[in-house]
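Structure data (CSV, C-alpha atoms) from query25.csv:
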chain,number,residue,atom,x,y,z
C,202,MET,CA,-22.6,14.8,-36.4
C,203,ALA,CA,-23.9,17.6,-34.1
C,204,TYR,CA,-21.2,19.4,-32.0
C,205,LEU,CA,-21.2,18.6,-28.3
C,206,PRO,CA,-19.4,20.8,-25.9
C,207,PRO,CA,-16.7,18.9,-23.9
C,208,HIS,CA,-18.6,18.7,-20.6
C,209,LYS,CA,-21.6,16.9,-22.4
C,210,ARG,CA,-19.5,14.2,-23.9
C,211,HIS,CA,-19.6,10.8,-22.3
C,212,SER,CA,-17.2,8.0,-23.2
C,213,GLY,CA,-18.2,4.3,-23.2
C,214,GLY,CA,-20.1,4.4,-20.0
C,215,SER,CA,-17.1,5.1,-17.8
C,216,ASP,CA,-16.0,8.3,-16.2
C,217,PRO,CA,-13.0,10.2,-17.6
C,218,THR,CA,-9.8,10.4,-15.7
C,219,PRO,CA,-10.5,12.4,-12.6
C,220,PRO,CA,-9.0,15.8,-11.9
C,221,THR,CA,-6.7,16.3,-9.0
C,222,SER,CA,-9.5,16.8,-6.4
C,223,SER,CA,-9.5,13.2,-5.3
C,224,LEU,CA,-6.2,12.0,-6.8
C,225,GLY,CA,-3.4,14.3,-6.0
C,226,SER,CA,0.1,13.1,-7.0
C,227,LEU,CA,3.3,14.4,-5.4
C,228,SER,CA,6.7,13.3,-4.6
C,229,ILE,CA,7.3,12.0,-1.1
C,230,SER,CA,9.4,14.8,0.2
C,231,SER,CA,10.0,17.4,2.9
C,232,SER,CA,10.5,21.0,1.8
C,233,PRO,CA,12.9,23.4,3.3
C,234,ARG,CA,11.4,25.6,5.9
C,235,GLY,CA,11.2,29.3,5.2
C,236,ARG,CA,8.9,32.3,4.8
C,237,HIS,CA,5.2,31.6,4.1
C,238,GLN,CA,5.2,32.0,0.3
C,239,LEU,CA,3.2,30.1,-2.3
C,240,ARG,CA,4.9,27.4,-4.3
C,241,PRO,CA,2.9,27.3,-7.6
C,242,SER,CA,1.7,23.9,-8.9
C,243,ASN,CA,0.4,23.0,-12.3
C,244,ASN,CA,-2.6,21.2,-10.9
C,245,LYS,CA,-3.5,24.2,-8.6
C,246,ILE,CA,-2.7,22.3,-5.4
C,247,ILE,CA,-0.7,25.0,-3.5
C,248,HIS,CA,1.9,24.2,-0.9
C,249,ALA,CA,3.4,26.9,1.4
C,250,VAL,CA,7.1,27.1,1.2
C,251,GLY,CA,8.2,25.0,4.2
C,252,CYS,CA,5.4,22.6,3.8
C,253,VAL,CA,6.4,19.1,4.9
C,254,SER,CA,4.8,16.3,2.8
C,255,ARG,CA,5.7,12.8,3.8
C,256,TRP,CA,4.6,9.1,4.0
C,257,SER,CA,5.1,6.3,6.4
C,258,PRO,CA,3.6,2.8,7.0
C,259,LEU,CA,2.0,1.6,10.2
C,260,PRO,CA,3.3,-0.8,11.4
C,261,PRO,CA,6.7,0.7,10.3
C,262,PHE,CA,9.5,-0.9,8.4
C,263,SER,CA,12.0,-2.8,10.6
C,264,PRO,CA,15.1,-0.7,11.2
C,265,ASP,CA,17.7,-3.4,10.5
C,266,SER,CA,16.0,-6.5,8.9
C,267,ASP,CA,14.6,-7.7,5.6
C,268,ASP,CA,11.0,-6.7,5.2
C,269,ALA,CA,10.2,-9.2,2.4
C,270,ASP,CA,8.6,-11.6,4.9
C,271,SER,CA,6.4,-8.9,6.5
C,272,PHE,CA,5.3,-6.6,3.6
C,273,ARG,CA,4.4,-6.9,0.0
C,274,LEU,CA,3.4,-4.6,-2.9
C,275,GLU,CA,0.3,-5.6,-4.7
C,276,PRO,CA,-1.7,-4.1,-7.6
C,277,PHE,CA,-4.8,-2.0,-6.7
C,278,ALA,CA,-7.8,-1.9,-9.0
C,279,CYS,CA,-8.3,1.8,-9.7
C,280,GLU,CA,-9.8,2.5,-13.1
C,281,PRO,CA,-9.1,6.3,-13.2
C,282,VAL,CA,-5.4,5.7,-12.6
C,283,GLU,CA,-5.2,2.8,-15.0
C,284,ARG,CA,-6.8,4.8,-17.7
C,285,LYS,CA,-4.4,7.6,-17.2
C,286,THR,CA,-1.1,5.7,-16.8
C,287,GLY,CA,-1.9,2.4,-18.5
C,288,ALA,CA,-1.0,0.4,-15.3
C,289,LYS,CA,-2.5,-0.5,-12.0
C,290,PRO,CA,-1.1,1.5,-9.1
C,291,LEU,CA,0.4,-0.4,-6.2
C,292,VAL,CA,-0.4,-0.5,-2.5
C,293,LEU,CA,1.7,-1.7,0.5
C,294,SER,CA,0.2,-4.6,2.4
C,295,LEU,CA,1.0,-7.0,5.1
C,296,SER,CA,2.1,-10.4,4.1
C,297,SER,CA,0.4,-12.0,7.1
C,298,PRO,CA,-3.3,-11.8,7.8
C,299,LYS,CA,-4.5,-8.6,9.4
C,300,GLY,CA,-5.4,-10.2,12.7
C,301,SER,CA,-1.9,-11.4,13.5
C,302,SER,CA,-0.2,-8.0,13.0
C,303,GLY,CA,-2.9,-5.5,13.6
C,304,SER,CA,-2.3,-2.4,15.7
C,305,SER,CA,-4.7,-1.4,18.4
C,306,ALA,CA,-6.3,2.0,18.2
C,307,GLU,CA,-4.4,3.0,21.3
C,308,ALA,CA,-1.0,2.0,19.9
C,309,ALA,CA,-1.8,3.5,16.5
C,310,ALA,CA,-2.9,6.8,18.0
C,311,ALA,CA,0.2,7.1,20.2
C,312,ALA,CA,2.6,6.3,17.3
C,313,ILE,CA,0.9,8.7,14.9
C,314,ALA,CA,0.8,11.5,17.4
C,315,GLN,CA,4.4,11.1,18.4
C,316,ARG,CA,5.5,11.4,14.7
C,317,PHE,CA,3.0,14.1,13.6
C,318,LEU,CA,2.7,16.5,16.6
C,319,PRO,CA,6.1,18.2,16.4
C,320,GLU,CA,5.6,19.0,12.7
C,321,LEU,CA,2.1,20.1,13.3
C,322,LEU,CA,3.1,22.7,16.0
C,323,ALA,CA,6.0,23.9,13.8
C,324,ALA,CA,3.7,24.2,10.7
C,325,ALA,CA,1.0,26.1,12.7
C,326,GLU,CA,3.7,28.5,14.0
C,327,ARG,CA,4.8,29.3,10.4
C,328,ALA,CA,1.2,29.6,9.1
C,329,THR,CA,0.0,32.0,11.9
C,330,HIS,CA,3.1,34.2,11.6
C,331,ASP,CA,3.3,34.5,7.8
C,332,VAL,CA,-0.3,35.2,6.9
C,333,PRO,CA,-1.3,36.5,3.4
C,334,ASN,CA,-2.8,40.0,3.1
C,335,LYS,CA,-5.5,40.3,5.9
C,336,GLU,CA,-7.1,43.2,4.1
C,337,GLU,CA,-7.8,40.9,1.1
C,338,ALA,CA,-9.0,37.7,2.7
C,339,VAL,CA,-10.2,36.1,6.0
C,340,VAL,CA,-7.6,33.4,6.7
C,341,LYS,CA,-8.6,30.2,8.7
C,342,LEU,CA,-6.3,27.5,9.8
C,343,SER,CA,-7.7,24.0,9.9
C,344,LEU,CA,-6.5,20.4,10.6
C,345,VAL,CA,-8.4,17.8,8.7
C,346,ALA,CA,-8.2,14.0,8.4
C,347,ARG,CA,-9.1,12.2,5.3
C,348,VAL,CA,-9.9,8.5,4.6
C,349,GLY,CA,-8.7,6.8,1.4
C,350,LYS,CA,-5.9,4.8,0.0
C,351,VAL,CA,-2.2,5.6,-0.5
C,352,LEU,CA,-1.3,4.6,-4.0
C,353,PHE,CA,2.2,4.2,-5.5
C,354,GLN,CA,2.6,4.9,-9.2
C,355,PRO,CA,5.0,2.8,-11.2
C,356,GLY,CA,6.8,4.9,-13.8
C,357,GLU,CA,10.2,6.2,-14.4
C,358,SER,CA,11.3,5.3,-10.9
C,359,HIS,CA,11.0,1.6,-9.9
C,360,VAL,CA,8.7,1.0,-6.9
C,361,SER,CA,10.0,-1.7,-4.5
C,362,LEU,CA,10.1,-2.4,-0.8
C,363,ASP,CA,13.6,-0.9,-0.8
C,364,SER,CA,12.5,2.3,-2.5
C,365,LEU,CA,9.5,2.6,-0.1
C,366,ARG,CA,11.8,2.1,2.9
C,367,ASP,CA,14.0,4.9,1.5
C,368,ALA,CA,10.9,7.1,1.0
C,369,ALA,CA,9.8,6.6,4.6
C,370,LYS,CA,13.4,7.4,5.8
C,371,ALA,CA,13.5,10.5,3.5
C,372,GLY,CA,10.3,11.8,5.2
C,373,GLU,CA,11.9,11.5,8.6
C,374,GLU,CA,15.1,13.2,7.5
C,375,GLY,CA,13.5,16.0,5.5
C,376,SER,CA,15.1,14.9,2.2
C,377,LYS,CA,13.4,14.0,-1.1
C,378,SER,CA,12.4,10.7,-2.6
C,379,GLN,CA,11.7,10.0,-6.3
C,380,VAL,CA,8.8,7.6,-5.4
C,381,ARG,CA,5.5,9.1,-6.5
C,382,LYS,CA,2.4,8.5,-4.6
C,383,SER,CA,-1.2,9.7,-4.5
C,384,PHE,CA,-3.9,9.7,-1.9
C,385,TYR,CA,-7.1,8.5,-3.5
C,386,THR,CA,-10.2,9.7,-1.6
C,387,ASN,CA,-13.0,8.0,-3.5
C,388,VAL,CA,-14.0,5.3,-0.9
C,389,PRO,CA,-16.0,2.2,-1.8
C,390,ARG,CA,-19.7,2.7,-1.9
C,391,GLU,CA,-20.4,0.1,0.8
C,392,CYS,CA,-17.9,2.0,3.0
C,393,PHE,CA,-19.7,5.3,2.4
C,394,GLU,CA,-23.2,3.9,3.0
C,395,ASP,CA,-22.1,1.9,6.1
C,396,MET,CA,-20.6,5.0,7.7
C,397,GLU,CA,-23.7,7.0,7.0
C,398,GLN,CA,-25.9,4.4,8.7
C,399,SER,CA,-23.7,3.4,11.6
C,400,ALA,CA,-20.4,5.1,12.1
C,401,ALA,CA,-21.8,8.3,13.4
C,402,LYS,CA,-23.6,6.4,16.1
C,403,LEU,CA,-20.5,4.4,16.9
C,404,MET,CA,-18.5,7.6,17.2
C,405,GLY,CA,-21.2,9.3,19.4
C,406,LEU,CA,-21.7,12.2,17.0
C,407,GLU,CA,-24.9,14.2,16.5
C,408,PHE,CA,-26.3,15.1,13.2
C,409,ASP,CA,-25.2,18.7,12.2
C,410,SER,CA,-26.4,19.6,8.7
C,411,SER,CA,-27.1,18.4,5.2
C,412,LYS,CA,-26.4,20.7,2.3
C,413,GLU,CA,-26.1,20.9,-1.4
C,414,HIS,CA,-23.7,23.3,-3.1
C,415,TYR,CA,-22.3,24.2,-6.5
C,416,HIS,CA,-18.7,25.4,-6.6
C,417,VAL,CA,-17.9,27.5,-9.7
C,418,LYS,CA,-14.2,27.7,-10.4
C,419,ILE,CA,-13.1,31.0,-12.0
C,420,PHE,CA,-9.6,31.8,-13.3
C,421,ASP,CA,-8.4,35.5,-13.3
C,422,LYS,CA,-5.4,36.2,-15.4
C,423,HIS,CA,-4.4,38.9,-13.0
C,424,ARG,CA,-4.2,36.2,-10.3
C,425,SER,CA,-2.4,33.5,-12.2
C,426,ASP,CA,-1.1,31.5,-9.1
C,427,SER,CA,-4.6,30.6,-7.9
C,428,THR,CA,-8.2,30.0,-8.8
C,429,MET,CA,-11.3,31.6,-7.3
C,430,SER,CA,-14.0,29.2,-6.1
C,431,CYS,CA,-17.5,30.6,-5.7
C,432,LYS,CA,-19.6,28.5,-3.3
C,433,CYS,CA,-23.2,28.7,-4.4
C,434,THR,CA,-26.6,27.5,-3.5
C,435,MET,CA,-29.5,27.0,-5.9
C,436,GLN,CA,-32.5,29.2,-5.3
C,437,GLU,CA,-36.1,28.4,-6.0
C,438,ASP,CA,-36.0,30.3,-9.3
C,439,GLY,CA,-33.2,28.1,-10.6
C,440,LYS,CA,-30.5,30.8,-10.2
C,441,LEU,CA,-27.3,30.4,-8.2
C,442,ALA,CA,-26.8,32.6,-5.1
C,443,ILE,CA,-23.1,33.1,-4.1
C,444,HIS,CA,-22.4,32.2,-0.5
C,445,LYS,CA,-18.7,33.1,-0.4
C,446,VAL,CA,-15.6,33.3,-2.7
C,447,GLU,CA,-12.4,31.5,-1.7
C,448,LEU,CA,-9.0,31.1,-3.2
C,449,ASN,CA,-7.1,27.8,-3.3
C,450,GLN,CA,-6.4,26.4,0.1
C,451,ILE,CA,-2.7,26.4,1.1
C,452,ARG,CA,-1.3,23.1,2.4
C,453,GLN,CA,1.0,23.7,5.4
C,454,LEU,CA,1.6,20.0,6.3
C,455,VAL,CA,0.7,16.6,4.8
C,456,GLU,CA,1.1,13.3,6.6
C,457,ASP,CA,0.0,10.1,4.7
C,458,ILE,CA,-0.1,6.9,6.7
C,459,SER,CA,-0.6,3.4,5.1
C,460,CYS,CA,-2.6,1.7,7.8
C,461,LEU,CA,-1.7,-1.8,6.9
C,462,SER,CA,-4.0,-3.6,9.4
C,463,GLN,CA,-7.0,-1.7,8.2
C,464,ASP,CA,-9.0,-1.5,5.0
C,465,LEU,CA,-8.3,2.2,4.4
C,466,ASP,CA,-5.5,4.6,4.9
C,467,LEU,CA,-5.2,8.0,6.6
C,468,ARG,CA,-4.1,11.5,5.6
C,469,LEU,CA,-3.6,14.2,8.2
C,470,MET,CA,-3.4,17.7,6.7
C,471,LEU,CA,-3.0,21.2,8.1
C,472,ARG,CA,-4.3,23.8,5.6
C,473,THR,CA,-5.1,27.5,5.3
C,474,LYS,CA,-8.4,28.6,3.9
C,475,ARG,CA,-8.6,32.0,2.3
C,476,ILE,CA,-12.1,33.6,2.0
C,477,LEU,CA,-12.0,36.8,-0.1
C,478,LYS,CA,-13.5,40.0,1.1
C,479,ASN,CA,-13.6,43.6,-0.2
C,480,LEU,CA,-13.6,42.4,-3.8
C,481,ASP,CA,-12.5,44.9,-6.5
C,482,PRO,CA,-15.7,46.0,-8.4
C,483,GLU,CA,-14.4,44.6,-11.7
C,484,VAL,CA,-13.8,41.2,-10.1
C,485,GLU,CA,-17.1,41.2,-8.3
C,486,ASN,CA,-19.0,42.1,-11.4
C,487,ALA,CA,-17.3,39.4,-13.4
C,488,ILE,CA,-18.0,36.8,-10.8
C,489,GLN,CA,-21.6,37.7,-10.6
C,490,SER,CA,-22.0,37.7,-14.4
C,491,LEU,CA,-20.3,34.3,-14.9
C,492,VAL,CA,-22.3,32.7,-12.0
C,493,SER,CA,-25.6,34.2,-13.1
C,494,SER,CA,-25.1,32.8,-16.7
C,495,ALA,CA,-24.9,29.2,-15.4
C,496,ILE,CA,-27.7,26.8,-16.4
C,497,LEU,CA,-28.7,23.9,-14.2
C,498,ASP,CA,-28.4,20.7,-16.2
C,499,PRO,CA,-28.3,17.3,-14.3
C,500,ASN,CA,-27.2,15.6,-17.5
C,501,VAL,CA,-23.8,17.2,-17.7
C,502,LYS,CA,-20.8,16.6,-15.4
C,503,GLY,CA,-20.7,19.0,-12.5
C,504,GLY,CA,-24.4,19.8,-12.9
C,505,LEU,CA,-24.0,23.2,-14.6
C,506,ARG,CA,-23.4,24.4,-18.2
C,507,TRP,CA,-22.9,27.8,-19.8
C,508,PRO,CA,-24.4,29.2,-23.1
C,509,LEU,CA,-21.9,29.5,-25.9
C,510,GLY,CA,-19.7,32.5,-25.4
C,511,LYS,CA,-20.8,32.9,-21.7
C,512,GLU,CA,-17.9,30.9,-20.2
C,513,SER,CA,-15.6,33.8,-20.2
C,514,ILE,CA,-15.5,37.6,-19.9
C,515,GLY,CA,-13.0,39.2,-22.2
C,516,GLU,CA,-9.6,37.7,-21.9
C,517,ARG,CA,-9.3,38.0,-18.2
C,518,PHE,CA,-12.0,35.8,-16.5
C,519,SER,CA,-13.0,32.3,-17.5
C,520,ILE,CA,-14.8,29.3,-16.1
C,521,VAL,CA,-12.3,26.5,-15.4
C,522,GLY,CA,-14.3,24.0,-13.4
C,523,VAL,CA,-17.5,23.2,-11.5
C,524,TRP,CA,-18.3,20.9,-8.6
C,525,HIS,CA,-21.8,19.7,-7.5
C,526,THR,CA,-21.6,18.4,-3.9
C,527,ASN,CA,-24.1,17.0,-1.4
C,528,TYR,CA,-23.0,16.3,2.1
C,529,LYS,CA,-24.1,15.2,5.5
C,530,ALA,CA,-22.2,16.3,8.6
C,531,PHE,CA,-22.1,15.0,12.1
C,532,ARG,CA,-20.2,16.5,15.0
C,533,ASN,CA,-19.4,16.8,18.7
C,534,LYS,CA,-17.5,19.7,20.5
C,535,THR,CA,-14.1,18.9,19.0
C,536,LEU,CA,-14.7,17.1,15.7
C,537,ARG,CA,-16.9,17.4,12.6
C,538,PHE,CA,-17.4,14.3,10.4
C,539,LYS,CA,-18.5,14.9,6.8
C,540,LEU,CA,-19.7,12.4,4.2
C,541,ARG,CA,-19.6,14.1,0.8
C,542,HIS,CA,-20.8,13.0,-2.7
C,543,ALA,CA,-19.1,15.1,-5.3
C,544,ASP,CA,-19.6,15.4,-9.1
C,545,ARG,CA,-16.7,17.4,-10.6
C,546,PHE,CA,-15.8,18.6,-14.0
C,547,ASP,CA,-12.6,20.3,-15.1
C,548,HIS,CA,-13.1,22.6,-18.1
C,549,ARG,CA,-9.4,22.8,-18.8
C,550,SER,CA,-8.8,19.1,-19.3
C,551,SER,CA,-12.4,18.1,-20.2
C,552,THR,CA,-12.2,15.4,-17.4
C,553,GLY,CA,-14.7,14.6,-14.7
C,554,GLU,CA,-15.2,12.3,-11.7
C,555,VAL,CA,-17.9,11.3,-9.3
C,556,SER,CA,-16.7,10.3,-5.8
C,557,ASN,CA,-17.7,9.5,-2.3
C,558,GLU,CA,-15.5,11.2,0.3
C,559,VAL,CA,-15.0,10.9,4.0
C,560,SER,CA,-13.3,13.6,6.1
C,561,PHE,CA,-13.0,14.8,9.6
C,562,LYS,CA,-12.3,18.4,10.6
C,563,LEU,CA,-10.6,18.5,14.0
C,564,ILE,CA,-12.2,21.7,15.1
C,565,GLY,CA,-11.0,21.6,18.6
C,566,ILE,CA,-7.3,21.5,17.6
C,567,SER,CA,-7.9,23.9,14.7
C,568,ASN,CA,-9.3,26.5,17.0
C,569,ARG,CA,-6.4,26.2,19.4
C,570,LEU,CA,-3.8,26.5,16.6
C,571,GLN,CA,-5.6,29.4,15.1
C,572,ASP,CA,-5.6,31.2,18.4
C,573,GLY,CA,-2.0,30.5,19.1
C,574,ASN,CA,-2.8,28.1,22.0
C,575,LYS,CA,-0.3,25.3,21.4
C,576,GLU,CA,-0.2,23.7,24.8
C,577,VAL,CA,1.5,20.5,23.8
C,578,ASP,CA,-0.1,18.0,26.3
C,579,SER,CA,-3.6,19.3,25.5
C,580,VAL,CA,-3.2,19.2,21.7
C,581,LYS,CA,-1.6,15.7,21.9
C,582,GLU,CA,-4.5,14.4,24.0
C,583,MET,CA,-7.0,15.8,21.5
C,584,LEU,CA,-5.1,14.4,18.5
C,585,GLU,CA,-4.8,10.9,20.0
C,586,SER,CA,-8.5,10.9,20.9
C,587,ALA,CA,-9.4,11.8,17.3
C,588,VAL,CA,-7.1,9.3,15.7
C,589,ARG,CA,-8.4,6.5,18.0
C,590,MET,CA,-12.0,7.3,16.9
C,591,ILE,CA,-11.1,7.4,13.3
C,592,TRP,CA,-9.0,4.2,13.6
C,593,ASP,CA,-11.8,2.2,15.2
C,594,SER,CA,-14.8,3.6,13.2
C,595,ALA,CA,-13.7,4.8,9.8
C,596,LEU,CA,-10.7,2.8,8.5
C,597,CYS,CA,-12.3,-0.6,8.7
C,598,TYR,CA,-15.5,-0.4,6.6
C,599,LYS,CA,-16.7,-3.9,7.3
C,600,MET,CA,-18.2,-2.8,10.6
C,601,ALA,CA,-20.9,-4.6,12.5
C,602,HIS,CA,-24.2,-2.7,12.7

What would the structure in this file look like if it were written as structure tokens?
Amino acid sequence: MAYLPPHKRHSGGSDPTPPTSSLGSLSISSSPRGRHQLRPSNNKIIHAVGCVSRWSPLPPFSPDSDDADSFRLEPFACEPVERKTGAKPLVLSLSSPKGSSGSSAEAAAAAIAQRFLPELLAAAERATHDVPNKEEAVVKLSLVARVGKVLFQPGESHVSLDSLRDAAKAGEEGSKSQVRKSFYTNVPRECFEDMEQSAAKLMGLEFDSSKEHYHVKIFDKHRSDSTMSCKCTMQEDGKLAIHKVELNQIRQLVEDISCLSQDLDLRLMLRTKRILKNLDPEVENAIQSLVSSAILDPNVKGGLRWPLGKESIGERFSIVGVWHTNYKAFRNKTLRFKLRHADRFDHRSSTGEVSNEVSFKLIGISNRLQDGNKEVDSVKEMLESAVRMIWDSALCYKMAH
């Protein structure tokens, strides 16, 4: 049988287990606050030291009563997780129909803002004071909201209503929980298509742009705690042109909310982007060489392949992944709404995924936090307004046209 490189292998018509881009697993915990240092992670998701990562349900657990009559855990069909773990993940749901216990957008926005805002301001303060080397990179702080599903993973630790109650309490107290969760961002196709056709109009946003990019992921052994991501566009001659080079984003704050009266859940995340500048000549030459060696091939996962022997330079630089993304963006003065179709391949694990992803960049709040303008009432008003819009227009995908 002829040899096939890993990224050209297809198994039984189903996609391989996805990399961590849309299925990131972490313990529900809150880390000690301290200096802005990087906490390395095997899956290249980087959290700043002091990053708070927590989960809560909405409506919340009752403080002093049995929740068995109000909530239930039920299996969630998710083939990538099942293939990886051998079991269906679990989601938290309401026992009663949505209509009888649903939260209004106003009430939900107020509750989320009350919980999230103090941590947001504290995380922004840490992030803006402890910035990585400004000579090396342009650093941008951004607040994003993602739509998806909070999944709980059965495993060594038993998942029950009691353990989830403890997990929510741990997030409030800043302690750790052994319950493991992930936020799955691949939304149903009908949700994605419905939002593209009608949600932007419902939200009063205007079309901003539509773009196609290839993201070439390069590992440098001299920078073992991060990966360089080259954002590229395809030119008419079939060659890639590098638009910018970034390092892994640093997560400053992660808040996951199981929105039990809605179809989808919400993640709010404060992160730091690092765009490299003044590249060392050896690094710049290596990046250019690796990117220019790429061959466009729509039949492989990620859309790009490399000739034999061209996936690395010496023992220092190597290709570790590639993404092919197409997105449409809509916006107003304070918010940017993005619908992205992503085809990813991880060269290290020989796994790939195709996903439809919905995200919001809260640019008004992001700019204020970046500039040090943390006027509480103004930020709170902008946050509540954004959450109301998302709650009404993006978390329930069975919307009327």

Ref. answer, residues at most 12 Å from (-4.0, 25.5, 21.3) with all atoms listed in the file, as an mmCIF file with C-alpha atoms, in the coordinates of the input:
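New file point.cif:
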data_model
loop_
_atom_site.group_PDB
_atom_site.id
_atom_site.type_symbol
_atom_site.label_atom_id
_atom_site.label_comp_id
_atom_site.auth_asym_id
_atom_site.auth_seq_id
_atom_site.Cartn_x
_atom_site.Cartn_y
_atom_site.Cartn_z
ATOM 1 C CA LEU C 321 2.100 20.100 13.300
ATOM 2 C CA LEU C 322 3.100 22.700 16.000
ATOM 3 C CA ALA C 325 1.000 26.100 12.700
ATOM 4 C CA GLU C 326 3.700 28.500 14.000
ATOM 5 C CA LEU C 342 -6.300 27.500 9.800
ATOM 6 C CA ILE C 564 -12.200 21.700 15.100
ATOM 7 C CA GLY C 565 -11.000 21.600 18.600
ATOM 8 C CA ILE C 566 -7.300 21.500 17.600
ATOM 9 C CA SER C 567 -7.900 23.900 14.700
ATOM 10 C CA ASN C 568 -9.300 26.500 17.000
ATOM 11 C CA ARG C 569 -6.400 26.200 19.400
ATOM 12 C CA LEU C 570 -3.800 26.500 16.600
ATOM 13 C CA GLN C 571 -5.600 29.400 15.100
ATOM 14 C CA ASP C 572 -5.600 31.200 18.400
ATOM 15 C CA GLY C 573 -2.000 30.500 19.100
ATOM 16 C CA ASN C 574 -2.800 28.100 22.000
ATOM 17 C CA LYS C 575 -0.300 25.300 21.400
ATOM 18 C CA GLU C 576 -0.200 23.700 24.800
ATOM 19 C CA VAL C 577 1.500 20.500 23.800
ATOM 20 C CA ASP C 578 -0.100 18.000 26.300
ATOM 21 C CA SER C 579 -3.600 19.300 25.500
ATOM 22 C CA VAL C 580 -3.200 19.200 21.700
ATOM 23 C CA LYS C 581 -1.600 15.700 21.900
ATOM 24 C CA GLU C 582 -4.500 14.400 24.000
ATOM 25 C CA MET C 583 -7.000 15.800 21.500
ATOM 26 C CA LEU C 584 -5.100 14.400 18.500
#

If we draw a sphere of 7 Å around (-20.4, 30.4, -16.1), which residues have at least one atom in it when counting only C-alpha atoms? Please report them as a PyMOL selection string. chain C and resi 491-492+494-495+507+511-512+520

Compare C:Leu461, C:Ala401, C:Ala328, C:Leu352 by their minimum atom-to-atom distance to Ala278 of chain C, counting only C-alpha atoms, and give me the closest one.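 So, comparing all the options, the nearest one is C:Leu352.
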
9 Å contact set for Ala487 of chain C, all atoms listed in the file, chain neighbours under 3 positions out, as a list in words: Pro482, Glu483, Val484, Ser490, Leu491, Val492, Ser513, Ile514 and Phe518 of chain C

Export of prior selection with C-alpha atoms as a compact mmCIF listing (two decimals), keeping the file's coordinate frame:
# COMPACT_ATOMS: atom_id res chain seq x y z
CA PRO C 482 -15.70 46.00 -8.40
CA GLU C 483 -14.40 44.60 -11.70
CA VAL C 484 -13.80 41.20 -10.10
CA SER C 490 -22.00 37.70 -14.40
CA LEU C 491 -20.30 34.30 -14.90
CA VAL C 492 -22.30 32.70 -12.00
CA SER C 513 -15.60 33.80 -20.20
CA ILE C 514 -15.50 37.60 -19.90
CA PHE C 518 -12.00 35.80 -16.50

Considering only C-alpha atoms, give me a table of residues in segment 326-423 of chain C that are at most 10 Å from segment 274-277 of chain C, with the closest atom pair and distance in Å for each, as CSV.
residue,atom,partner,partner_atom,distance
C:Lys350,CA,C:Phe277,CA,9.6
C:Leu352,CA,C:Phe277,CA,7.9
C:Phe353,CA,C:Leu274,CA,9.3
C:Val360,CA,C:Leu274,CA,8.7
C:Ser361,CA,C:Leu274,CA,7.4
C:Leu362,CA,C:Leu274,CA,7.4
C:Leu365,CA,C:Leu274,CA,9.8

Distance of atom CA of Val348 of chain C from atom CA of Phe262 of chain C, expressed in Å to one decimal place: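 Taking atom CA of Phe262 of chain C as the start and atom CA of Val348 of chain C as the end point, the length is 21.9 Å.
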
Using all atoms listed in the file, which of the listed residues (C:Lys529, C:Ile476, C:Asn387, C:Leu497) sits closest to Asp438 of chain C?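 Going through C:Lys529, C:Ile476, C:Asn387, C:Leu497 one by one, the smallest distance to Asp438 of chain C is for C:Leu497.
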
From atom CA of Ser586 of chain C to atom CA of Pro264 of chain C the spacing works out at 28.0 Å
